[in-house]
>>> print(open('run03.cif').read())   # mmCIF, C-alpha atoms and all ligand atoms
data_run
#
loop_
_atom_site.label_atom_id
_atom_site.label_comp_id
_atom_site.auth_asym_id
_atom_site.auth_seq_id
_atom_site.Cartn_x
_atom_site.Cartn_y
_atom_site.Cartn_z
CA MET A 251 -36.87 -9.33 34.82
CA GLU A 252 -34.66 -6.80 36.66
CA CYS A 253 -31.33 -8.49 36.17
CA ARG A 254 -29.02 -6.75 33.65
CA SER A 255 -26.11 -9.09 34.30
CA PHE A 256 -25.75 -11.41 31.34
CA CYS A 257 -23.63 -13.85 33.31
CA LEU A 258 -26.72 -14.84 35.25
CA LEU A 259 -28.69 -15.62 32.12
CA LYS A 260 -28.56 -18.90 30.27
CA MET A 261 -26.83 -18.02 27.01
CA SER A 262 -26.70 -20.06 23.81
CA GLN A 263 -23.46 -21.27 22.21
CA PRO A 264 -21.49 -18.39 20.65
CA ILE A 265 -21.88 -18.06 16.89
CA VAL A 266 -18.75 -16.66 15.26
CA VAL A 267 -18.43 -15.56 11.64
CA SER A 268 -15.93 -13.61 9.59
CA SER A 269 -15.91 -12.01 6.16
CA PRO A 270 -13.28 -10.19 4.10
CA GLY A 271 -12.69 -6.64 2.93
CA LYS A 272 -12.24 -5.93 -0.75
CA LEU A 273 -10.42 -4.00 -3.45
CA ILE A 274 -12.17 -2.70 -6.52
CA LEU A 275 -9.53 -3.09 -9.23
CA GLY A 276 -11.56 -1.30 -11.88
CA GLY A 277 -15.03 0.03 -12.58
CA GLU A 278 -15.98 1.81 -9.35
CA HIS A 279 -18.71 4.43 -9.79
CA ALA A 280 -19.49 3.11 -13.29
CA VAL A 281 -20.86 0.03 -11.52
CA VAL A 282 -23.52 2.25 -9.90
CA TYR A 283 -24.79 2.88 -13.47
CA GLY A 284 -25.00 -0.80 -14.40
CA LYS A 285 -21.48 -1.21 -15.84
CA ARG A 286 -19.20 -4.12 -14.98
CA ALA A 287 -16.50 -3.82 -12.34
CA LEU A 288 -13.64 -6.08 -11.31
CA VAL A 289 -13.37 -6.71 -7.59
CA THR A 290 -11.34 -9.00 -5.36
CA SER A 291 -11.64 -9.96 -1.71
CA ILE A 292 -8.60 -9.35 0.51
CA GLY A 293 -6.99 -11.08 3.45
CA LEU A 294 -8.16 -8.49 5.97
CA ARG A 295 -11.27 -9.73 7.79
CA LEU A 296 -13.96 -8.59 10.18
CA TYR A 297 -14.99 -11.01 12.94
CA MET A 298 -18.30 -11.01 14.75
CA GLN A 299 -19.59 -13.12 17.64
CA LEU A 300 -23.25 -13.44 18.59
CA ILE A 301 -24.48 -14.93 21.85
CA VAL A 302 -28.22 -15.05 22.39
CA ASN A 303 -30.03 -15.62 25.66
CA ALA A 304 -31.16 -19.24 25.44
CA GLU A 305 -34.41 -18.53 27.27
CA LYS A 306 -37.00 -16.30 25.68
CA MET A 307 -37.85 -13.61 28.23
CA ASN A 308 -39.16 -10.77 26.12
CA GLN A 309 -36.08 -8.82 27.04
CA GLN A 310 -35.12 -6.82 23.96
CA SER A 311 -31.61 -5.57 24.53
CA ILE A 312 -28.16 -6.07 23.05
CA ASP A 313 -24.78 -5.66 24.66
CA ILE A 314 -22.43 -4.51 21.89
CA HIS A 315 -18.65 -4.50 22.17
CA PHE A 316 -16.51 -2.96 19.41
CA GLN A 317 -13.21 -4.48 20.51
CA ASP A 318 -10.89 -2.34 18.36
CA THR A 319 -11.91 0.86 20.11
CA ASN A 320 -13.14 -0.86 23.28
CA ARG A 321 -16.49 0.88 22.77
CA LYS A 322 -19.22 -0.87 24.78
CA GLU A 323 -22.92 -0.11 24.57
CA THR A 324 -26.06 -1.67 25.94
CA ILE A 325 -28.93 -0.99 23.58
CA ASP A 326 -32.60 -1.10 24.45
CA ILE A 327 -34.09 -2.09 21.08
CA GLU A 328 -37.25 -0.02 21.48
CA LEU A 329 -35.31 3.18 22.16
CA VAL A 330 -33.14 3.13 19.03
CA ASN A 331 -34.13 5.73 16.44
CA GLU A 332 -32.55 7.65 13.55
CA SER A 333 -30.44 9.75 15.90
CA TYR A 334 -28.35 6.65 16.77
CA PRO A 335 -25.13 5.83 14.86
CA ILE A 336 -25.83 3.86 11.67
CA GLU A 337 -24.03 0.75 12.91
CA ILE A 338 -26.38 0.62 15.92
CA GLN A 339 -29.42 1.18 13.67
CA ALA A 340 -28.11 -1.63 11.44
CA ILE A 341 -27.79 -4.05 14.36
CA VAL A 342 -31.31 -3.23 15.54
CA PHE A 343 -32.69 -3.58 11.99
CA ILE A 344 -31.29 -7.11 11.76
CA TYR A 345 -32.24 -8.02 15.34
CA LYS A 346 -35.83 -7.05 14.52
CA HIS A 347 -35.73 -8.77 11.13
CA PHE A 348 -34.90 -12.09 12.80
CA GLN A 349 -37.42 -11.46 15.59
CA ILE A 350 -34.88 -12.37 18.24
CA ASN A 351 -37.00 -11.03 21.09
CA ARG A 352 -34.44 -11.89 23.76
CA SER A 353 -31.25 -10.39 25.04
CA ALA A 354 -28.06 -10.84 23.05
CA GLN A 355 -24.38 -10.00 23.06
CA LEU A 356 -22.51 -8.94 19.93
CA THR A 357 -18.73 -8.59 19.77
CA ILE A 358 -16.94 -7.13 16.76
CA ARG A 359 -13.29 -6.99 15.80
CA SER A 360 -11.84 -5.93 12.46
CA ASP A 361 -8.54 -5.88 10.56
CA ILE A 362 -10.12 -3.68 7.86
CA PRO A 363 -9.46 0.06 8.18
CA ILE A 364 -12.74 1.96 8.51
CA GLY A 365 -13.90 4.41 5.83
CA ALA A 366 -10.90 3.75 3.60
CA GLY A 367 -12.60 2.10 0.60
CA LEU A 368 -11.63 -1.44 1.63
CA GLY A 369 -15.15 -2.64 2.35
CA SER A 370 -15.30 -2.38 6.15
CA SER A 371 -19.01 -1.50 6.24
CA ALA A 372 -19.86 -4.34 3.86
CA ALA A 373 -17.91 -6.86 5.93
CA PHE A 374 -19.79 -5.55 8.98
CA SER A 375 -23.15 -5.88 7.18
CA VAL A 376 -22.41 -9.39 5.88
CA CYS A 377 -21.15 -10.66 9.26
CA LEU A 378 -24.12 -9.07 11.05
CA VAL A 379 -26.63 -10.82 8.81
CA GLY A 380 -24.47 -13.96 8.74
CA CYS A 381 -24.37 -14.54 12.48
CA PHE A 382 -28.09 -13.86 13.05
CA TYR A 383 -28.91 -16.02 10.02
CA LEU A 384 -26.81 -18.86 11.41
CA TRP A 385 -28.47 -18.51 14.78
CA GLN A 386 -31.86 -18.98 13.15
CA ASN A 387 -31.03 -21.48 10.39
CA GLU A 388 -27.86 -23.25 11.55
CA LYS A 389 -26.34 -23.00 8.07
CA ILE A 390 -25.09 -20.28 5.75
CA ASP A 391 -27.14 -19.46 2.65
CA PRO A 392 -24.95 -16.93 0.81
CA ASP A 393 -27.71 -15.76 -1.56
CA GLU A 394 -30.16 -14.96 1.23
CA ILE A 395 -27.49 -13.40 3.42
CA ASN A 396 -26.17 -11.27 0.56
CA GLN A 397 -29.63 -9.92 -0.25
CA LEU A 398 -30.26 -8.89 3.32
CA ALA A 399 -26.72 -7.51 3.74
CA TYR A 400 -27.48 -5.25 0.76
CA GLN A 401 -30.34 -3.74 2.74
CA VAL A 402 -27.96 -3.07 5.62
CA GLU A 403 -25.50 -1.49 3.19
CA CYS A 404 -28.31 0.81 2.04
CA LEU A 405 -28.50 2.16 5.60
CA PHE A 406 -24.80 3.06 5.38
CA HIS A 407 -24.58 4.28 1.77
CA GLY A 408 -28.01 5.13 0.33
CA THR A 409 -28.37 3.02 -2.83
CA PRO A 410 -25.03 1.29 -3.40
CA SER A 411 -24.42 -0.99 -6.38
CA GLY A 412 -24.13 -4.04 -4.12
CA ILE A 413 -20.56 -4.81 -5.16
CA ASP A 414 -19.13 -4.55 -1.64
CA ASN A 415 -21.56 -6.86 0.16
CA THR A 416 -21.44 -9.34 -2.75
CA ILE A 417 -17.66 -9.75 -2.72
CA SER A 418 -17.61 -9.92 1.08
CA THR A 419 -20.24 -12.68 1.02
CA TYR A 420 -18.89 -14.83 -1.81
CA GLY A 421 -15.18 -13.96 -1.62
CA GLN A 422 -12.68 -14.83 -4.40
CA SER A 423 -12.61 -12.35 -7.34
CA LEU A 424 -15.65 -11.32 -9.32
CA VAL A 425 -16.74 -9.48 -12.40
CA TYR A 426 -19.74 -7.72 -10.95
CA SER A 427 -22.61 -5.66 -12.30
CA ARG A 428 -26.17 -5.20 -11.06
CA GLN A 429 -27.09 -8.09 -13.41
CA LEU A 430 -23.95 -10.21 -13.25
CA ARG A 431 -21.86 -12.05 -10.71
CA GLN A 432 -19.13 -13.97 -12.47
CA HIS A 433 -16.38 -15.74 -10.57
CA MET A 434 -12.84 -15.05 -11.84
CA GLU A 435 -9.39 -16.45 -11.22
CA PHE A 436 -7.37 -13.31 -10.94
CA HIS A 437 -3.86 -12.83 -9.60
CA LEU A 438 -1.90 -9.60 -9.55
CA LYS A 439 1.72 -9.44 -8.55
CA ASN A 440 3.26 -6.50 -6.69
CA LEU A 441 -0.01 -4.86 -5.73
CA ALA A 442 0.16 -2.42 -2.82
CA ILE A 443 -2.65 -0.64 -1.03
CA ILE A 444 -1.76 2.93 -0.15
CA ASP A 445 -3.97 4.35 2.59
CA THR A 446 -3.89 8.15 2.26
CA GLY A 447 -5.54 8.56 5.67
CA ILE A 448 -7.74 11.24 4.09
CA PRO A 449 -11.32 10.75 5.31
CA LYS A 450 -13.84 10.06 2.56
CA SER A 451 -17.56 9.48 2.30
CA THR A 452 -18.90 6.99 -0.25
CA LYS A 453 -22.35 8.62 -0.06
CA ARG A 454 -20.90 12.05 -0.85
CA MET A 455 -18.71 10.84 -3.73
CA VAL A 456 -21.55 8.83 -5.29
CA GLU A 457 -23.75 11.95 -5.02
CA LEU A 458 -21.02 14.07 -6.64
CA VAL A 459 -20.88 11.69 -9.59
CA ARG A 460 -24.69 11.66 -9.83
CA LEU A 461 -24.73 15.45 -10.13
CA PHE A 462 -22.04 15.28 -12.82
CA VAL A 463 -23.93 12.58 -14.73
CA GLU A 464 -27.19 14.54 -14.60
CA ALA A 465 -25.55 17.75 -15.76
CA ASN A 466 -23.45 16.14 -18.53
CA ARG A 467 -25.40 13.15 -19.79
CA ASP A 468 -23.51 12.41 -23.04
CA GLU A 469 -20.05 13.13 -21.69
CA ALA A 470 -20.76 11.07 -18.58
CA GLU A 471 -22.10 8.13 -20.59
CA ALA A 472 -18.93 8.15 -22.70
CA ILE A 473 -16.74 8.18 -19.57
CA LEU A 474 -18.71 5.36 -17.92
CA ASN A 475 -18.44 3.27 -21.10
CA GLU A 476 -14.70 3.90 -21.23
CA ILE A 477 -14.39 2.78 -17.61
CA GLU A 478 -16.15 -0.45 -18.49
CA LYS A 479 -13.70 -0.91 -21.37
CA CYS A 480 -10.87 -0.60 -18.85
CA VAL A 481 -12.46 -3.45 -16.90
CA GLU A 482 -12.64 -5.54 -20.08
CA THR A 483 -8.95 -4.84 -20.73
CA MET A 484 -8.03 -5.74 -17.15
CA ILE A 485 -9.69 -9.13 -17.67
CA ALA A 486 -8.44 -9.83 -21.20
CA HIS A 487 -4.96 -8.32 -20.86
CA PRO A 488 -3.74 -8.41 -17.27
CA GLU A 489 -0.21 -7.83 -18.62
CA GLU A 490 -1.34 -4.28 -19.55
CA MET A 491 -2.53 -3.56 -16.03
CA LYS A 492 -0.18 -0.65 -15.40
CA ASP A 493 -1.51 1.32 -18.37
CA THR A 494 -5.09 0.28 -17.64
CA PHE A 495 -4.85 1.53 -14.04
CA ARG A 496 -3.65 4.91 -15.38
CA ARG A 497 -6.47 5.10 -17.92
CA ASN A 498 -9.13 4.13 -15.35
CA GLN A 499 -7.74 6.72 -12.93
CA ASP A 500 -7.83 9.40 -15.61
CA LEU A 501 -11.51 8.63 -16.21
CA LEU A 502 -12.27 8.70 -12.47
CA LYS A 503 -10.62 12.11 -12.35
CA GLN A 504 -12.91 13.25 -15.17
CA LEU A 505 -15.87 12.10 -13.06
CA GLY A 506 -14.58 14.37 -10.28
CA VAL A 507 -13.64 11.85 -7.59
CA SER A 508 -9.91 12.52 -7.46
CA ASN A 509 -8.26 15.48 -5.73
CA ASP A 510 -4.87 17.22 -5.53
CA ALA A 511 -3.48 14.99 -2.80
CA ILE A 512 -4.38 11.82 -4.76
CA ASP A 513 -3.15 13.28 -8.08
CA HIS A 514 0.16 14.16 -6.47
CA ILE A 515 0.73 10.67 -5.07
CA LEU A 516 -0.12 9.08 -8.42
CA ALA A 517 2.14 11.52 -10.32
CA LYS A 518 5.04 10.54 -8.03
CA LEU A 519 4.40 6.87 -8.85
CA THR A 520 4.24 7.63 -12.60
CA GLU A 521 7.61 9.42 -12.40
CA GLN A 522 9.07 6.08 -11.28
CA ASN A 523 7.26 4.18 -14.04
CA LEU A 524 4.88 2.75 -11.44
CA SER A 525 1.12 3.01 -11.69
CA GLY A 526 -1.86 3.46 -9.42
CA LYS A 527 -5.48 4.45 -9.09
CA ILE A 528 -8.23 5.15 -6.62
CA THR A 529 -9.93 2.04 -5.26
CA GLY A 530 -13.52 2.56 -4.09
CA ALA A 531 -15.30 5.87 -3.91
CA GLY A 532 -12.28 8.22 -4.03
CA GLY A 533 -11.92 11.65 -2.47
CA GLY A 534 -9.49 10.08 0.03
CA GLY A 535 -9.24 6.59 1.48
CA CYS A 536 -7.08 4.05 -0.32
CA LEU A 537 -5.27 3.88 -3.62
CA ILE A 538 -3.94 0.73 -5.27
CA ALA A 539 -0.57 0.66 -6.97
CA LEU A 540 1.55 -1.72 -9.00
CA ILE A 541 4.96 -1.23 -7.48
CA ASP A 542 7.17 -3.77 -9.33
CA SER A 543 9.46 -5.37 -6.78
CA LEU A 544 9.88 -2.30 -4.57
CA THR A 545 9.65 -2.66 -0.81
CA LYS A 546 7.26 -0.75 1.42
CA GLU A 547 10.17 1.44 2.58
CA GLN A 548 11.14 2.27 -1.01
CA VAL A 549 7.55 3.23 -1.86
CA LEU A 550 7.35 5.35 1.30
CA GLU A 551 10.59 7.07 0.24
CA ILE A 552 9.15 7.86 -3.21
CA LEU A 553 5.99 9.24 -1.60
CA LYS A 554 7.57 11.10 1.29
CA GLY A 555 5.96 14.46 1.96
CA ASN A 556 2.57 13.11 0.82
CA SER A 557 -0.38 12.11 2.95
CA ILE A 558 0.34 8.40 3.55
CA LYS A 559 -1.08 6.66 6.60
CA GLU A 560 -0.16 3.06 5.81
CA ILE A 561 0.89 0.74 3.01
CA TYR A 562 -0.54 -2.76 2.98
CA PHE A 563 0.37 -5.85 0.99
CA VAL A 564 -2.52 -8.27 1.13
CA GLU A 565 -3.56 -11.64 -0.18
CA CYS A 566 -6.28 -11.35 -2.83
CA GLY A 567 -9.11 -13.72 -3.78
CA VAL A 568 -9.77 -15.09 -0.30
CA GLU A 569 -12.75 -16.96 1.16
CA GLY A 570 -15.99 -15.02 1.68
CA LEU A 571 -18.33 -15.26 4.67
CA ARG A 572 -17.52 -18.27 6.83
CA GLN A 573 -18.30 -19.67 10.23
CA GLU A 574 -15.37 -19.66 12.66
CA GLU A 575 -14.69 -22.07 15.49
CA THR A 576 -13.68 -19.34 17.92
CA PHE A 577 -13.58 -15.56 18.14
CA PRO A 578 -9.94 -14.59 17.53
O1 LIG A 601 -17.49 2.37 -0.33
P1 LIG A 601 -16.37 2.20 -1.31
O2 LIG A 601 -15.30 3.22 -1.16
O3 LIG A 601 -15.86 0.80 -1.35
O4 LIG A 601 -16.99 2.47 -2.77
C1 LIG A 601 -17.91 1.59 -3.34
C2 LIG A 601 -17.86 1.62 -4.83
C3 LIG A 601 -18.71 2.67 -5.53
O5 LIG A 601 -18.75 2.23 -6.88
C4 LIG A 601 -18.07 4.04 -5.48
C5 LIG A 601 -20.13 2.77 -4.97
C6 LIG A 601 -20.99 1.54 -5.26
O6 LIG A 601 -22.06 1.48 -4.64
O7 LIG A 601 -20.64 0.70 -6.09
#
>>> encode(input="run03.cif", output="structure tokens")
Amino acid sequence: MECRSFCLLKMSQPIVVSSPGKLILGGEHAVVYGKRALVTSIGLRLYMQLIVNAEKMNQQSIDIHFQDTNRKETIDIELVNESYPIEIQAIVFIYKHFQINRSAQLTIRSDIPIGAGLGSSAAFSVCLVGCFYLWQNEKIDPDEINQLAYQVECLFHGTPSGIDNTISTYGQSLVYSRQLRQHMEFHLKNLAIIDTGIPKSTKRMVELVRLFVEANRDEAEAILNEIEKCVETMIAHPEEMKDTFRRNQDLLKQLGVSNDAIDHILAKLTEQNLSGKITGAGGGGCLIALIDSLTKEQVLEILKGNSIKEIYFVECGVEGLRQEETFP
């Protein structure tokens, strides 16, 4: 078949899914070592649309459109190797897993800032598996999708704890460990997300912590246990959240995932009797802060002169992976 024009092919009905980003409120990094973390989904979503050629023609190619950057690529499945960007490798991995064996179009759009600790790669992984799964099975099975999305997350991050794909799949708020997935009703008032705009790599920060843990076994174990205690306090005493954020942040700093820019922002908040911490891997990306009833402008004024890209106020505890009627 010579024709590369998809408009001439008979395409199946579009399948559209979306899934949310997330905030880790407490327990990041410790969760990699089996401790419990507290995580909530947020009202920023990634949307993905899959259209598959209705006729099987042994044509293994995908047209991919990342709408946010208007990046368009046509991928020949057989040519993709490890030199390709991870997101392309991930798409091909799932395409092969579901044995599509026909041409397809994938369109992606996201509200979630990339590489900021808000779960953009997990939402991508969950939606990717979700839309191919729906194409094959015509219904969503969260357990199966989550398991496979974890494998996609491994392409992005090595051996993550699974917290990000799990919250993006199931939504709401969760107490999560490698052994536990417990739904929680959790509501925090006056929570702001502060995006430092500083690039960060989850893989690098997780590796940094691993080196620390291996070199300082007893000290590290004590820190990780203390972090888990913070999570317990967050659950049992949400009214103490400001102090608990500070304590969790202090422990993250001891693990080596903070830096001067982050410390400075958090010190400015403390001066005003506010409180914040890293959310996610650290080293940059986003912080979360309890800002009383201050406005975004007031927080920006307090933090002026610091590296602040954006401040978000988001809904927490939203729906996980879902099928959408249309691509927005
Ligand atoms: O990728 P991030 O920034 O959301 O970090 C994920 C949380 C970590 O605990 C640092 C890693 C993990 O796999 O749980």
>>> residues_near_point(input="run03.cif", point="(-11.6, 9.1, -13.2)", cutoff="10 Å", atoms="all atoms listed in the file", output="PyMOL selection string")
chain A and resi 277-280+473-474+477+496-508+527-528+532
>>> residues_near_ligand(input="run03.cif", ligand="ligand LIG 601 (chain A)", cutoff="9 Å", atoms="only C-alpha atoms and all ligand atoms", output="PyMOL selection string")
chain A and resi 272-274+277-283+287+365-372+407-414+450-453+455-456+529-532+535-536
>>> write_last_selection(input="run03.cif", atoms="C-alpha atoms", output="PDB file, in the coordinates of the input")
ATOM      1  CA  LYS A 272     -12.240  -5.930  -0.750  1.00  0.00           C
ATOM      2  CA  LEU A 273     -10.420  -4.000  -3.450  1.00  0.00           C
ATOM      3  CA  ILE A 274     -12.170  -2.700  -6.520  1.00  0.00           C
ATOM      4  CA  GLY A 277     -15.030   0.030 -12.580  1.00  0.00           C
ATOM      5  CA  GLU A 278     -15.980   1.810  -9.350  1.00  0.00           C
ATOM      6  CA  HIS A 279     -18.710   4.430  -9.790  1.00  0.00           C
ATOM      7  CA  ALA A 280     -19.490   3.110 -13.290  1.00  0.00           C
ATOM      8  CA  VAL A 281     -20.860   0.030 -11.520  1.00  0.00           C
ATOM      9  CA  VAL A 282     -23.520   2.250  -9.900  1.00  0.00           C
ATOM     10  CA  TYR A 283     -24.790   2.880 -13.470  1.00  0.00           C
ATOM     11  CA  ALA A 287     -16.500  -3.820 -12.340  1.00  0.00           C
ATOM     12  CA  GLY A 365     -13.900   4.410   5.830  1.00  0.00           C
ATOM     13  CA  ALA A 366     -10.900   3.750   3.600  1.00  0.00           C
ATOM     14  CA  GLY A 367     -12.600   2.100   0.600  1.00  0.00           C
ATOM     15  CA  LEU A 368     -11.630  -1.440   1.630  1.00  0.00           C
ATOM     16  CA  GLY A 369     -15.150  -2.640   2.350  1.00  0.00           C
ATOM     17  CA  SER A 370     -15.300  -2.380   6.150  1.00  0.00           C
ATOM     18  CA  SER A 371     -19.010  -1.500   6.240  1.00  0.00           C
ATOM     19  CA  ALA A 372     -19.860  -4.340   3.860  1.00  0.00           C
ATOM     20  CA  HIS A 407     -24.580   4.280   1.770  1.00  0.00           C
ATOM     21  CA  GLY A 408     -28.010   5.130   0.330  1.00  0.00           C
ATOM     22  CA  THR A 409     -28.370   3.020  -2.830  1.00  0.00           C
ATOM     23  CA  PRO A 410     -25.030   1.290  -3.400  1.00  0.00           C
ATOM     24  CA  SER A 411     -24.420  -0.990  -6.380  1.00  0.00           C
ATOM     25  CA  GLY A 412     -24.130  -4.040  -4.120  1.00  0.00           C
ATOM     26  CA  ILE A 413     -20.560  -4.810  -5.160  1.00  0.00           C
ATOM     27  CA  ASP A 414     -19.130  -4.550  -1.640  1.00  0.00           C
ATOM     28  CA  LYS A 450     -13.840  10.060   2.560  1.00  0.00           C
ATOM     29  CA  SER A 451     -17.560   9.480   2.300  1.00  0.00           C
ATOM     30  CA  THR A 452     -18.900   6.990  -0.250  1.00  0.00           C
ATOM     31  CA  LYS A 453     -22.350   8.620  -0.060  1.00  0.00           C
ATOM     32  CA  MET A 455     -18.710  10.840  -3.730  1.00  0.00           C
ATOM     33  CA  VAL A 456     -21.550   8.830  -5.290  1.00  0.00           C
ATOM     34  CA  THR A 529      -9.930   2.040  -5.260  1.00  0.00           C
ATOM     35  CA  GLY A 530     -13.520   2.560  -4.090  1.00  0.00           C
ATOM     36  CA  ALA A 531     -15.300   5.870  -3.910  1.00  0.00           C
ATOM     37  CA  GLY A 532     -12.280   8.220  -4.030  1.00  0.00           C
ATOM     38  CA  GLY A 535      -9.240   6.590   1.480  1.00  0.00           C
ATOM     39  CA  CYS A 536      -7.080   4.050  -0.320  1.00  0.00           C
TER      40      CYS A 536
END
>>> closest_residue(input="run03.cif", among="A:Leu430, A:Leu384, A:Ile358, A:Ala539", to="Ile561 (chain A)", atoms="all atoms listed in the file")
A:Ala539
>>> atom_distance(input="run03.cif", atom1="CA of Leu550 (chain A)", atom2="CA of Gly533 (chain A)")
20.6 Å
>>> closest_residue(input="run03.cif", among="A:Asn466, A:Val425, A:Pro264, A:Ile344", to="Ile395 (chain A)", atoms="all atoms listed in the file")
A:Ile344
>>> closest_residue(input="run03.cif", among="A:Gln522, A:Ser333, A:Ser268, A:Ser557", to="Val376 (chain A)", atoms="all atoms listed in the file")
A:Ser268
>>> residues_near_point(input="run03.cif", point="(-28.7, -9.6, 11.2)", cutoff="9 Å", atoms="all atoms listed in the file", output="ChimeraX atom specification")
/A:340-348,375-383,395,398-399,402
>>> write_last_selection(input="run03.cif", atoms="C-alpha atoms", output="tab-separated table (two decimals), in the frame of the given file")
chain	number	residue	atom	x	y	z
A	340	ALA	CA	-28.11	-1.63	11.44
A	341	ILE	CA	-27.79	-4.05	14.36
A	342	VAL	CA	-31.31	-3.23	15.54
A	343	PHE	CA	-32.69	-3.58	11.99
A	344	ILE	CA	-31.29	-7.11	11.76
A	345	TYR	CA	-32.24	-8.02	15.34
A	346	LYS	CA	-35.83	-7.05	14.52
A	347	HIS	CA	-35.73	-8.77	11.13
A	348	PHE	CA	-34.90	-12.09	12.80
A	375	SER	CA	-23.15	-5.88	7.18
A	376	VAL	CA	-22.41	-9.39	5.88
A	377	CYS	CA	-21.15	-10.66	9.26
A	378	LEU	CA	-24.12	-9.07	11.05
A	379	VAL	CA	-26.63	-10.82	8.81
A	380	GLY	CA	-24.47	-13.96	8.74
A	381	CYS	CA	-24.37	-14.54	12.48
A	382	PHE	CA	-28.09	-13.86	13.05
A	383	TYR	CA	-28.91	-16.02	10.02
A	395	ILE	CA	-27.49	-13.40	3.42
A	398	LEU	CA	-30.26	-8.89	3.32
A	399	ALA	CA	-26.72	-7.51	3.74
A	402	VAL	CA	-27.96	-3.07	5.62
>>> atom_distance(input="run03.cif", atom1="CA of Gln548 (chain A)", atom2="CA of Val289 (chain A)")
26.9 Å
>>> residues_around(input="run03.cif", residues="region 317-330 of chain A", least_positions_apart="4", cutoff="10 Å", atoms="only C-alpha atoms", output="ChimeraX atom specification")
/A:254,309-313,334-335,338-339,341-343,345-346,351,353-361
>>> closest_residue(input="run03.cif", among="A:Leu537, A:Cys404, A:Val459, A:Val302", to="Ile558 (chain A)", atoms="only C-alpha atoms")
A:Leu537
>>> atom_distance(input="run03.cif", atom1="CA of Thr576 (chain A)", atom2="CA of Asn308 (chain A)")
28.1 Å
>>> decode(input="run03.cif", residues="region 476-487 of chain A", atoms="N, CA, C and O atoms", output="mmCIF file, in the first residue's frame")
data_model
loop_
_atom_site.group_PDB
_atom_site.id
_atom_site.type_symbol
_atom_site.label_atom_id
_atom_site.label_comp_id
_atom_site.auth_asym_id
_atom_site.auth_seq_id
_atom_site.Cartn_x
_atom_site.Cartn_y
_atom_site.Cartn_z
ATOM 1 N N GLU A 476 11.247 8.444 59.555
ATOM 2 C CA GLU A 476 10.696 9.736 59.991
ATOM 3 C C GLU A 476 9.759 10.316 58.930
ATOM 4 O O GLU A 476 8.734 10.917 59.242
ATOM 5 N N ILE A 477 10.146 10.142 57.673
ATOM 6 C CA ILE A 477 9.278 10.644 56.586
ATOM 7 C C ILE A 477 7.939 9.916 56.640
ATOM 8 O O ILE A 477 6.871 10.522 56.499
ATOM 9 N N GLU A 478 7.996 8.612 56.868
ATOM 10 C CA GLU A 478 6.729 7.866 56.949
ATOM 11 C C GLU A 478 5.889 8.338 58.140
ATOM 12 O O GLU A 478 4.655 8.402 58.065
ATOM 13 N N LYS A 479 6.580 8.719 59.224
ATOM 14 C CA LYS A 479 5.828 9.253 60.380
ATOM 15 C C LYS A 479 5.136 10.557 59.999
ATOM 16 O O LYS A 479 4.027 10.850 60.461
ATOM 17 N N CYS A 480 5.805 11.365 59.188
ATOM 18 C CA CYS A 480 5.161 12.605 58.710
ATOM 19 C C CYS A 480 3.866 12.270 57.980
ATOM 20 O O CYS A 480 2.842 12.942 58.154
ATOM 21 N N VAL A 481 3.923 11.237 57.153
ATOM 22 C CA VAL A 481 2.720 10.834 56.399
ATOM 23 C C VAL A 481 1.617 10.422 57.373
ATOM 24 O O VAL A 481 0.449 10.817 57.215
ATOM 25 N N GLU A 482 1.993 9.661 58.397
ATOM 26 C CA GLU A 482 0.994 9.253 59.403
ATOM 27 C C GLU A 482 0.368 10.476 60.065
ATOM 28 O O GLU A 482 -0.836 10.534 60.286
ATOM 29 N N THR A 483 1.214 11.464 60.376
ATOM 30 C CA THR A 483 0.700 12.682 61.027
ATOM 31 C C THR A 483 -0.209 13.459 60.074
ATOM 32 O O THR A 483 -1.239 14.000 60.481
ATOM 33 N N MET A 484 0.176 13.506 58.797
ATOM 34 C CA MET A 484 -0.676 14.201 57.820
ATOM 35 C C MET A 484 -2.084 13.602 57.796
ATOM 36 O O MET A 484 -3.075 14.308 57.664
ATOM 37 N N ILE A 485 -2.141 12.261 57.921
ATOM 38 C CA ILE A 485 -3.434 11.573 57.860
ATOM 39 C C ILE A 485 -4.207 11.763 59.174
ATOM 40 O O ILE A 485 -5.388 12.107 59.171
ATOM 41 N N ALA A 486 -3.495 11.584 60.292
ATOM 42 C CA ALA A 486 -4.185 11.617 61.594
ATOM 43 C C ALA A 486 -4.469 13.040 62.063
ATOM 44 O O ALA A 486 -5.447 13.282 62.763
ATOM 45 N N HIS A 487 -3.585 13.963 61.712
ATOM 46 C CA HIS A 487 -3.724 15.347 62.205
ATOM 47 C C HIS A 487 -3.557 16.349 61.071
ATOM 48 O O HIS A 487 -2.568 17.093 61.033
#
